[in-house]
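One file, model.txt, is given below (compact mmCIF, C-alpha atoms).
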# COMPACT_ATOMS: atom_id res chain seq x y z
CA MET A 103 -107.76 -5.21 -9.41
CA SER A 104 -108.16 -4.24 -13.02
CA PRO A 105 -106.61 -6.31 -15.84
CA ALA A 106 -104.35 -3.38 -16.73
CA MET A 107 -102.89 -3.20 -13.19
CA THR A 108 -102.33 -6.97 -13.14
CA THR A 109 -100.41 -6.75 -16.41
CA LEU A 110 -98.23 -3.95 -15.09
CA ARG A 111 -97.51 -5.93 -11.94
CA HIS A 112 -96.32 -8.92 -13.89
CA GLN A 113 -94.11 -6.74 -16.06
CA GLY A 114 -92.44 -5.07 -13.06
CA GLY A 115 -90.48 -8.07 -11.64
CA PHE A 116 -89.12 -11.62 -12.03
CA SER A 117 -90.51 -14.85 -10.69
CA LEU A 118 -88.46 -17.10 -8.37
CA VAL A 119 -87.97 -19.56 -11.22
CA GLU A 120 -86.55 -16.84 -13.43
CA LEU A 121 -84.21 -15.63 -10.67
CA ALA A 122 -82.99 -19.17 -9.99
CA LEU A 123 -82.37 -19.75 -13.67
CA GLY A 124 -80.41 -16.50 -13.88
CA LEU A 125 -78.25 -17.47 -10.89
CA VAL A 126 -77.49 -20.84 -12.46
CA ILE A 127 -76.37 -19.16 -15.68
CA VAL A 128 -74.16 -16.69 -13.80
CA ALA A 129 -72.62 -19.48 -11.70
CA THR A 130 -71.87 -21.51 -14.82
CA LEU A 131 -70.20 -18.55 -16.48
CA LEU A 132 -68.11 -17.82 -13.35
CA ALA A 133 -67.05 -21.46 -13.08
CA GLY A 134 -65.90 -21.36 -16.69
CA LEU A 135 -63.81 -18.29 -15.93
CA LEU A 136 -62.35 -19.58 -12.65
CA VAL A 137 -60.96 -22.83 -14.08
CA PRO A 138 -58.65 -21.06 -16.58
CA LEU A 139 -57.73 -18.55 -13.86
CA ALA A 140 -56.70 -21.37 -11.50
CA SER A 141 -54.61 -22.91 -14.28
CA GLN A 142 -52.92 -19.58 -14.94
CA VAL A 143 -52.11 -19.13 -11.24
CA GLU A 144 -50.56 -22.62 -11.04
CA GLN A 145 -48.56 -22.02 -14.24
CA ARG A 146 -47.19 -18.77 -12.80
CA ARG A 147 -46.17 -20.62 -9.64
CA TRP A 148 -44.58 -23.34 -11.75
CA ASP A 149 -42.60 -20.77 -13.74
CA GLU A 150 -41.57 -18.96 -10.55
CA THR A 151 -40.34 -22.25 -9.07
CA ARG A 152 -38.26 -22.87 -12.17
CA ARG A 153 -36.77 -19.39 -11.82
CA LEU A 154 -35.93 -20.05 -8.16
CA LEU A 155 -34.22 -23.33 -9.03
CA GLU A 156 -32.17 -21.70 -11.78
CA GLU A 157 -31.22 -18.90 -9.39
CA ALA A 158 -30.23 -21.49 -6.79
CA ARG A 159 -28.04 -23.37 -9.29
CA GLU A 160 -26.32 -20.15 -10.31
CA ALA A 161 -25.71 -19.30 -6.65
CA LEU A 162 -24.19 -22.75 -6.06
CA LEU A 163 -21.87 -22.32 -9.05
CA ALA A 164 -20.89 -18.83 -7.88
CA PHE A 165 -20.16 -20.21 -4.40
CA ALA A 166 -17.93 -22.88 -5.97
CA ALA A 167 -16.12 -20.28 -8.06
CA VAL A 168 -15.26 -18.32 -4.91
CA ASN A 169 -14.61 -21.18 -2.49
CA ALA A 170 -13.39 -23.97 -4.81
CA ARG A 171 -16.02 -26.30 -3.39
CA LEU A 172 -19.75 -26.82 -3.19
CA PRO A 173 -21.61 -26.11 0.06
CA CYS A 174 -23.09 -28.81 2.24
CA PRO A 175 -26.89 -29.03 2.52
CA ALA A 176 -28.75 -27.27 5.30
CA THR A 177 -30.58 -29.38 7.87
CA ASP A 178 -33.88 -28.90 9.69
CA ALA A 179 -32.01 -27.30 12.58
CA SER A 180 -29.35 -25.20 10.79
CA ASN A 181 -31.58 -22.20 9.92
CA GLY A 182 -30.70 -22.22 6.25
CA ALA A 183 -26.93 -22.51 6.77
CA GLU A 184 -24.81 -25.38 5.49
CA ALA A 185 -24.10 -28.09 8.03
CA PRO A 186 -21.46 -28.18 9.24
CA PRO A 187 -20.25 -24.59 8.74
CA GLY A 188 -17.25 -24.57 6.43
CA GLY A 189 -18.14 -27.80 4.67
CA GLY A 190 -16.10 -30.97 4.71
CA ALA A 191 -17.95 -34.12 5.74
CA CYS A 192 -21.55 -32.95 5.37
CA SER A 193 -24.03 -33.63 8.15
CA VAL A 194 -26.43 -34.96 5.49
CA GLN A 195 -25.98 -35.76 1.82
CA ALA A 196 -29.52 -34.63 0.98
CA GLY A 197 -31.28 -31.82 2.81
CA PHE A 198 -32.31 -28.23 2.14
CA LEU A 199 -30.69 -25.57 -0.01
CA PRO A 200 -28.32 -23.57 2.25
CA ALA A 201 -29.91 -20.28 1.22
CA ALA A 202 -28.49 -18.37 4.20
CA THR A 203 -24.95 -19.50 3.37
CA LEU A 204 -25.45 -18.57 -0.28
CA GLY A 205 -26.83 -15.15 0.67
CA LEU A 206 -30.03 -15.56 -1.33
CA SER A 207 -32.89 -13.11 -0.89
CA GLY A 208 -36.49 -14.12 -0.35
CA VAL A 209 -35.81 -16.61 2.44
CA ASP A 210 -38.50 -17.33 5.03
CA ALA A 211 -38.34 -16.51 8.73
CA GLN A 212 -36.21 -19.60 9.35
CA GLY A 213 -33.60 -18.82 6.69
CA TYR A 214 -34.78 -21.24 3.99
CA LEU A 215 -35.74 -20.57 0.37
CA SER A 216 -39.18 -21.94 -0.49
CA ASP A 217 -41.24 -22.25 -3.65
CA PRO A 218 -44.63 -20.52 -4.21
CA PHE A 219 -46.56 -23.75 -3.56
CA GLY A 220 -45.76 -23.80 0.14
CA LEU A 221 -47.96 -22.97 3.11
CA VAL A 222 -46.68 -20.50 5.72
CA ASP A 223 -47.33 -21.44 9.35
CA GLY A 224 -47.62 -19.25 12.42
CA THR A 225 -43.85 -18.95 12.82
CA GLY A 226 -43.35 -17.66 9.28
CA ALA A 227 -41.80 -20.94 8.12
CA ASN A 228 -42.74 -22.25 4.67
CA SER A 229 -43.67 -25.90 4.17
CA ASN A 230 -42.19 -26.27 0.68
CA ARG A 231 -38.50 -25.54 1.08
CA ILE A 232 -36.16 -25.97 -1.88
CA ARG A 233 -34.24 -29.24 -1.53
CA TYR A 234 -30.55 -29.77 -2.25
CA ALA A 235 -28.18 -32.74 -2.36
CA VAL A 236 -24.46 -32.93 -3.04
CA ARG A 237 -22.28 -36.04 -3.38
CA SER A 238 -20.66 -36.28 -0.01
CA SER A 239 -20.61 -38.60 2.96
CA VAL A 240 -20.95 -38.19 6.70
CA ASP A 241 -18.03 -40.51 7.43
CA GLY A 242 -15.72 -39.39 4.61
CA SER A 243 -16.11 -42.66 2.72
CA PHE A 244 -16.83 -40.86 -0.58
CA THR A 245 -13.46 -40.18 -2.18
CA VAL A 246 -12.11 -38.87 -5.49
CA GLY A 247 -8.64 -39.19 -7.01
CA ALA A 248 -5.57 -41.31 -6.39
CA PRO A 249 -4.56 -41.27 -3.64
CA PRO A 250 -8.21 -40.92 -2.58
CA ILE A 251 -9.33 -37.56 -1.17
CA PRO A 252 -12.41 -37.71 1.11
CA ASN A 253 -15.32 -35.40 0.27
CA ALA A 254 -13.34 -33.47 -2.34
CA LEU A 255 -16.45 -31.66 -3.62
CA THR A 256 -17.32 -30.07 -0.28
CA THR A 257 -13.93 -29.58 1.37
CA SER A 258 -12.06 -26.30 0.85
CA GLY A 259 -8.60 -26.42 -0.68
CA THR A 260 -8.78 -29.91 -2.15
CA ILE A 261 -9.46 -29.09 -5.84
CA SER A 262 -6.35 -28.10 -7.78
CA GLY A 263 -5.62 -27.08 -11.35
CA ILE A 264 -1.84 -27.39 -10.87
CA SER A 265 0.13 -30.16 -12.55
CA PRO A 266 1.55 -32.23 -10.98
CA VAL A 267 -1.20 -32.25 -8.37
CA PRO A 268 0.08 -31.34 -4.88
CA ALA A 269 -0.32 -33.87 -2.11
CA GLY A 270 -3.70 -33.83 -0.44
CA LYS A 271 -5.47 -32.33 -3.46
CA VAL A 272 -7.47 -33.71 -6.39
CA SER A 273 -7.10 -32.68 -10.02
CA LEU A 274 -9.72 -31.29 -12.36
CA GLN A 275 -9.28 -34.34 -14.56
CA ALA A 276 -9.92 -36.69 -11.64
CA ILE A 277 -13.20 -34.96 -10.78
CA ALA A 278 -14.38 -34.86 -14.40
CA GLY A 279 -13.31 -38.47 -15.03
CA SER A 280 -14.76 -40.01 -11.89
CA ASP A 281 -18.22 -41.47 -11.44
CA GLY A 282 -20.23 -42.59 -8.46
CA TYR A 283 -21.82 -39.18 -8.09
CA LEU A 284 -25.60 -38.70 -8.06
CA THR A 285 -27.80 -40.26 -10.74
CA VAL A 286 -30.95 -38.71 -12.20
CA CYS A 287 -33.48 -41.23 -13.55
CA ALA A 288 -36.65 -41.04 -15.57
CA ARG A 289 -38.41 -43.38 -13.14
CA ALA A 290 -37.99 -44.41 -9.52
CA THR A 291 -36.68 -47.88 -8.63
CA ALA A 292 -35.72 -49.71 -5.48
CA VAL A 293 -31.96 -49.32 -5.93
CA ASP A 294 -31.01 -47.43 -9.09
CA CYS A 295 -32.42 -47.00 -12.58
CA THR A 296 -30.84 -49.86 -14.46
CA GLU A 297 -33.98 -51.85 -15.25
CA PRO A 298 -35.16 -51.97 -18.90
CA GLY A 299 -37.12 -48.94 -20.04
CA ASN A 300 -35.70 -46.59 -17.44
CA HIS A 301 -33.32 -43.93 -18.72
CA ARG A 302 -30.45 -42.32 -16.89
CA LEU A 303 -30.64 -38.59 -17.48
CA ALA A 304 -27.45 -38.07 -15.49
CA ASN A 305 -25.52 -41.32 -15.38
CA GLY A 306 -23.84 -41.06 -11.99
CA ASN A 307 -22.27 -37.72 -12.94
CA ALA A 308 -24.50 -35.20 -11.18
CA LEU A 309 -22.34 -33.57 -8.53
CA ALA A 310 -25.35 -31.90 -6.96
CA VAL A 311 -29.10 -31.56 -7.49
CA VAL A 312 -31.52 -28.83 -6.46
CA PHE A 313 -35.24 -29.52 -6.59
CA SER A 314 -38.79 -28.65 -5.57
CA LEU A 315 -41.49 -31.09 -4.47
CA GLY A 316 -44.07 -29.10 -6.44
CA PRO A 317 -47.74 -28.35 -5.68
CA ASN A 318 -48.24 -31.41 -3.47
CA GLY A 319 -45.03 -30.81 -1.54
CA PRO A 320 -46.80 -29.48 1.59
CA MET A 321 -48.22 -33.00 2.07
CA VAL A 322 -44.91 -33.99 3.67
CA LEU A 323 -46.29 -32.34 6.82
CA LEU A 324 -49.25 -34.75 6.92
CA PRO A 325 -49.22 -38.23 8.50
CA PRO A 326 -47.92 -40.82 5.99
CA ALA A 327 -51.39 -42.36 5.60
CA GLU A 328 -52.75 -39.04 4.35
CA GLN A 329 -49.96 -38.21 1.92
CA ARG A 330 -50.55 -38.60 -1.81
CA PHE A 331 -47.25 -39.03 -3.63
CA SER A 332 -46.53 -41.12 -6.71
CA PRO A 333 -43.64 -43.64 -6.63
CA ASP A 334 -41.46 -41.27 -8.66
CA GLU A 335 -42.09 -38.44 -6.20
CA LEU A 336 -41.39 -40.75 -3.26
CA GLY A 337 -37.98 -41.40 -4.83
CA ASN A 338 -37.07 -37.74 -4.33
CA ILE A 339 -38.68 -37.47 -0.90
CA GLY A 340 -36.88 -40.62 0.22
CA ASN A 341 -33.55 -39.08 -0.71
CA HIS A 342 -34.34 -36.04 1.38
CA LEU A 343 -35.21 -38.20 4.38
CA THR A 344 -32.06 -40.32 4.04
CA ALA A 345 -29.00 -38.84 5.73
CA ALA A 346 -26.17 -40.78 4.05
CA PRO A 347 -24.99 -42.87 2.35
CA GLY A 348 -28.58 -43.82 1.40
CA LYS A 349 -29.85 -43.78 -2.17
CA LEU A 350 -27.86 -41.95 -4.80
CA TYR A 351 -30.54 -41.40 -7.43
CA PHE A 352 -33.23 -38.80 -8.05
CA VAL A 353 -36.16 -38.71 -10.46
CA ASN A 354 -37.03 -36.10 -13.05
CA ARG A 355 -39.63 -36.36 -15.81
CA PRO A 356 -42.26 -34.17 -17.48
CA ARG A 357 -45.08 -32.84 -15.32
CA ASP A 358 -48.17 -35.04 -15.13
CA SER A 359 -50.87 -34.08 -12.65
CA GLU A 360 -53.30 -36.88 -13.43
CA GLY A 361 -53.75 -40.35 -11.92
CA VAL A 362 -51.78 -42.30 -9.32
CA ASP A 363 -48.58 -41.85 -11.34
CA HIS A 364 -48.69 -38.05 -11.23
CA PHE A 365 -45.43 -36.09 -11.05
CA ASP A 366 -45.01 -32.40 -10.30
CA ASP A 367 -41.44 -32.16 -8.98
CA GLN A 368 -38.87 -29.93 -10.66
CA LEU A 369 -35.17 -30.79 -10.57
CA LEU A 370 -31.93 -29.30 -11.91
CA TRP A 371 -28.42 -30.68 -11.50
CA ILE A 372 -24.78 -29.64 -11.78
CA SER A 373 -22.42 -31.74 -13.89
CA PRO A 374 -18.62 -31.88 -13.49
CA SER A 375 -18.07 -30.00 -16.76
CA THR A 376 -20.44 -27.20 -15.72
CA LEU A 377 -18.80 -26.80 -12.32
CA LEU A 378 -15.22 -26.89 -13.56
CA ALA A 379 -15.94 -24.52 -16.47
CA ARG A 380 -17.40 -21.97 -14.04
CA MET A 381 -14.43 -22.28 -11.66
CA ILE A 382 -11.90 -21.86 -14.46
CA ALA A 383 -13.78 -18.93 -16.00
CA ALA A 384 -13.82 -17.20 -12.61
CA GLY A 385 -10.08 -17.67 -12.25
CA THR A 386 -10.46 -19.83 -9.17
CA LEU A 387 -8.36 -22.55 -10.79
CA PRO A 388 -5.38 -22.11 -13.13

As structure tokens, what does this structure read like?
Amino acid sequence: MSPAMTTLRHQGGFSLVELALGLVIVATLLAGLLVPLASQVEQRRWDETRRLLEEAREALLAFAAVNARLPCPATDASNGAEAPPGGGACSVQAGFLPAATLGLSGVDAQGYLSDPFGLVDGTGANSNRIRYAVRSSVDGSFTVGAPPIPNALTTSGTISGISPVPAGKVSLQAIAGSDGYLTVCARATAVDCTEPGNHRLANGNALAVVFSLGPNGPMVLLPPAEQRFSPDELGNIGNHLTAAPGKLYFVNRPRDSEGVDHFDDQLLWISPSTLLARMIAAGTLP
């Protein structure tokens, strides 16, 4: 073969080393693009979850404006409806958002509202359902007013704006002035959040909370040994798994996805002033 032909042959292609080097460069560039893309996708899901929680809180306030009470949580077996139907002594104090009772759109095949971080199984059920808790009690031991009215927040016809307050009802002032509702802490503790350095974001005056377990929420379906939740996240999960009376506090703090103390839950709550202002504005109460 002539020298000229050999030169042309070398100029017509790439060696294996050159091809490998080119693939490495392309892979590096793609990896650099995919990391920001993954972050953008998670941020969109985070924002969508926040929107769902705000929509859920508005639906709860609208329900209260119409029915003069808050709904009970849904259970695993109630298909997204409050349990029991019609409220009263709730079957659980902490459970799922009663999306079917509230008439929310976007529910899964089982009637529950879920966040974008969930995994859909073969039945169409989503693993990351929106959670909900309201101050109530299974046995009616939670009371408000004098004389005490059992489960005044979840029982129809018990909240009154009339003065003097009719028998068997509780006044707006009694609800706003009472405590012993749900507490929202900055950190999880064994009993409450009274230890030094822990702040009460809602000091026993959260009538209800609605929350998401975040990106790692689907881990609740795994065996306990395989779950990876921080102590603060376990505080919220523990409330969901406790029927009543159980713990009365929840945890909410800025998102932190790093280390053993990570936190990716999102939580909103309803205060007495927010609830009563909405009910009065809607004309539900005089």

**Message:** Under the rule that only C-alpha atoms are counted, which of A:Ala196, A:Leu350, A:Ala158, A:Val222 is the nearest residue to Val240 (chain A)?
**Reply:** A:Ala196

Distance table requested - region 182-265 of chain A against region 314-322 of chain A, cut-off 6 Å, only C-alpha atoms: one row per qualifying residue with the closest atom pair and its distance in Å to one decimal, ordered by chain and rising residue number, as a Markdown table.
| residue | atom | partner | partner_atom | distance |
| --- | --- | --- | --- | --- |
| A:Phe219 | CA | A:Pro317 | CA | 5.2 |
| A:Gly220 | CA | A:Pro320 | CA | 6.0 |
| A:Ser229 | CA | A:Pro320 | CA | 5.4 |
| A:Asn230 | CA | A:Pro320 | CA | 5.7 |
| A:Ile232 | CA | A:Ser314 | CA | 5.3 |

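Note that the spacing between CA of Ser193 (chain A) and CA of Leu284 (chain A) amounts to 17.1 Å.
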
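In this comparison, which uses all atoms listed in the file, the residue of A:Gly242, A:Gly247, A:Gly213, A:Gly337 approaching Ser280 (chain A) most closely is A:Gly247.
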
**Message:** Env of Thr376 (chain A): 12 Å cut, atoms = only C-alpha atoms, seq-sep filter 4 positions within chain, self excluded. Answer as a ChimeraX atom specification.
**Reply:** /A:159-160,162-164,166-167,274,277-278,307-310,371-372,380-383

Distance query Leu154 (chain A) at most 12 Å, only C-alpha atoms, self and fewer than 5 positions along chain excluded, as a tab-separated table (two decimals) with C-alpha atoms, keeping the file's coordinate frame:
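Result file result11.tsv:
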chain	number	residue	atom	x	y	z
A	147	ARG	CA	-46.17	-20.62	-9.64
A	148	TRP	CA	-44.58	-23.34	-11.75
A	149	ASP	CA	-42.60	-20.77	-13.74
A	159	ARG	CA	-28.04	-23.37	-9.29
A	160	GLU	CA	-26.32	-20.15	-10.31
A	161	ALA	CA	-25.71	-19.30	-6.65
A	199	LEU	CA	-30.69	-25.57	-0.01
A	201	ALA	CA	-29.91	-20.28	1.22
A	206	LEU	CA	-30.03	-15.56	-1.33
A	207	SER	CA	-32.89	-13.11	-0.89
A	208	GLY	CA	-36.49	-14.12	-0.35
A	209	VAL	CA	-35.81	-16.61	2.44
A	215	LEU	CA	-35.74	-20.57	0.37
A	216	SER	CA	-39.18	-21.94	-0.49
A	217	ASP	CA	-41.24	-22.25	-3.65
A	218	PRO	CA	-44.63	-20.52	-4.21
A	231	ARG	CA	-38.50	-25.54	1.08
A	232	ILE	CA	-36.16	-25.97	-1.88
A	233	ARG	CA	-34.24	-29.24	-1.53
A	312	VAL	CA	-31.52	-28.83	-6.46
A	313	PHE	CA	-35.24	-29.52	-6.59
A	314	SER	CA	-38.79	-28.65	-5.57
A	368	GLN	CA	-38.87	-29.93	-10.66
A	369	LEU	CA	-35.17	-30.79	-10.57
A	370	LEU	CA	-31.93	-29.30	-11.91

Box in all listed atoms of region 230-240 of chain A, axis-aligned, with 4 Å more on each side; write out centre and edge lengths in Å to one decimal as JSON.
{"center_x": -31.4, "center_y": -32.1, "center_z": 1.7, "size_x": 29.6, "size_y": 21.1, "size_z": 18.1}

**Message:** Please compute the CA of Ile264 (chain A)-CA of Pro252 (chain A) distance, one decimal, in Å.
**Reply:**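 Separation of CA of Ile264 (chain A) and CA of Pro252 (chain A): 19.0 Å.
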
**Message:** Using Å and a single decimal, report how far CA of Asp366 (chain A) sits from CA of Phe165 (chain A).
**Reply:**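 Separation between CA of Phe165 (chain A) and CA of Asp366 (chain A): 28.3 Å.
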
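In terms of minimum interatomic distance to Leu172 (chain A), A:Thr256 ranks closest within A:Thr256, A:Ser117, A:Asn354, A:Ile339, counting all atoms listed in the file.
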
**Request:** Pick out the residues sitting within 8 Å of Asp334 (chain A), and hand them over as a list of chain:residue names; count all atoms listed in the file, and ignore anything fewer than 6 positions along from it in its own chain.
**Result:**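 In the requested format, the answer is A:Arg289, A:Ala290, A:Val353, A:Asp363, A:Phe365.
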
**Asked** From the set A:Cys287, A:Ala122, A:Ala170, A:Leu221, which residue has the shortest atom-to-atom contact distance to Thr260 (chain A), counting all atoms listed in the file?
**Response**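 Smallest separation from Thr260 (chain A) among the options: A:Ala170.
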
**Message:** Let me make sure I understand: among A:Val272, A:Glu157, A:Ser258, A:Tyr214, which one has the smallest atom-to-atom distance to Gly188 (chain A) if we use only C-alpha atoms?
**Reply:** A:Ser258

**Residue nearest Val311 (chain A) - candidates A:Ala235, A:Ala183, A:Leu204, A:Cys192, atoms counted: all atoms listed in the file** =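 Selected residue with least distance to Val311 (chain A): A:Ala235.
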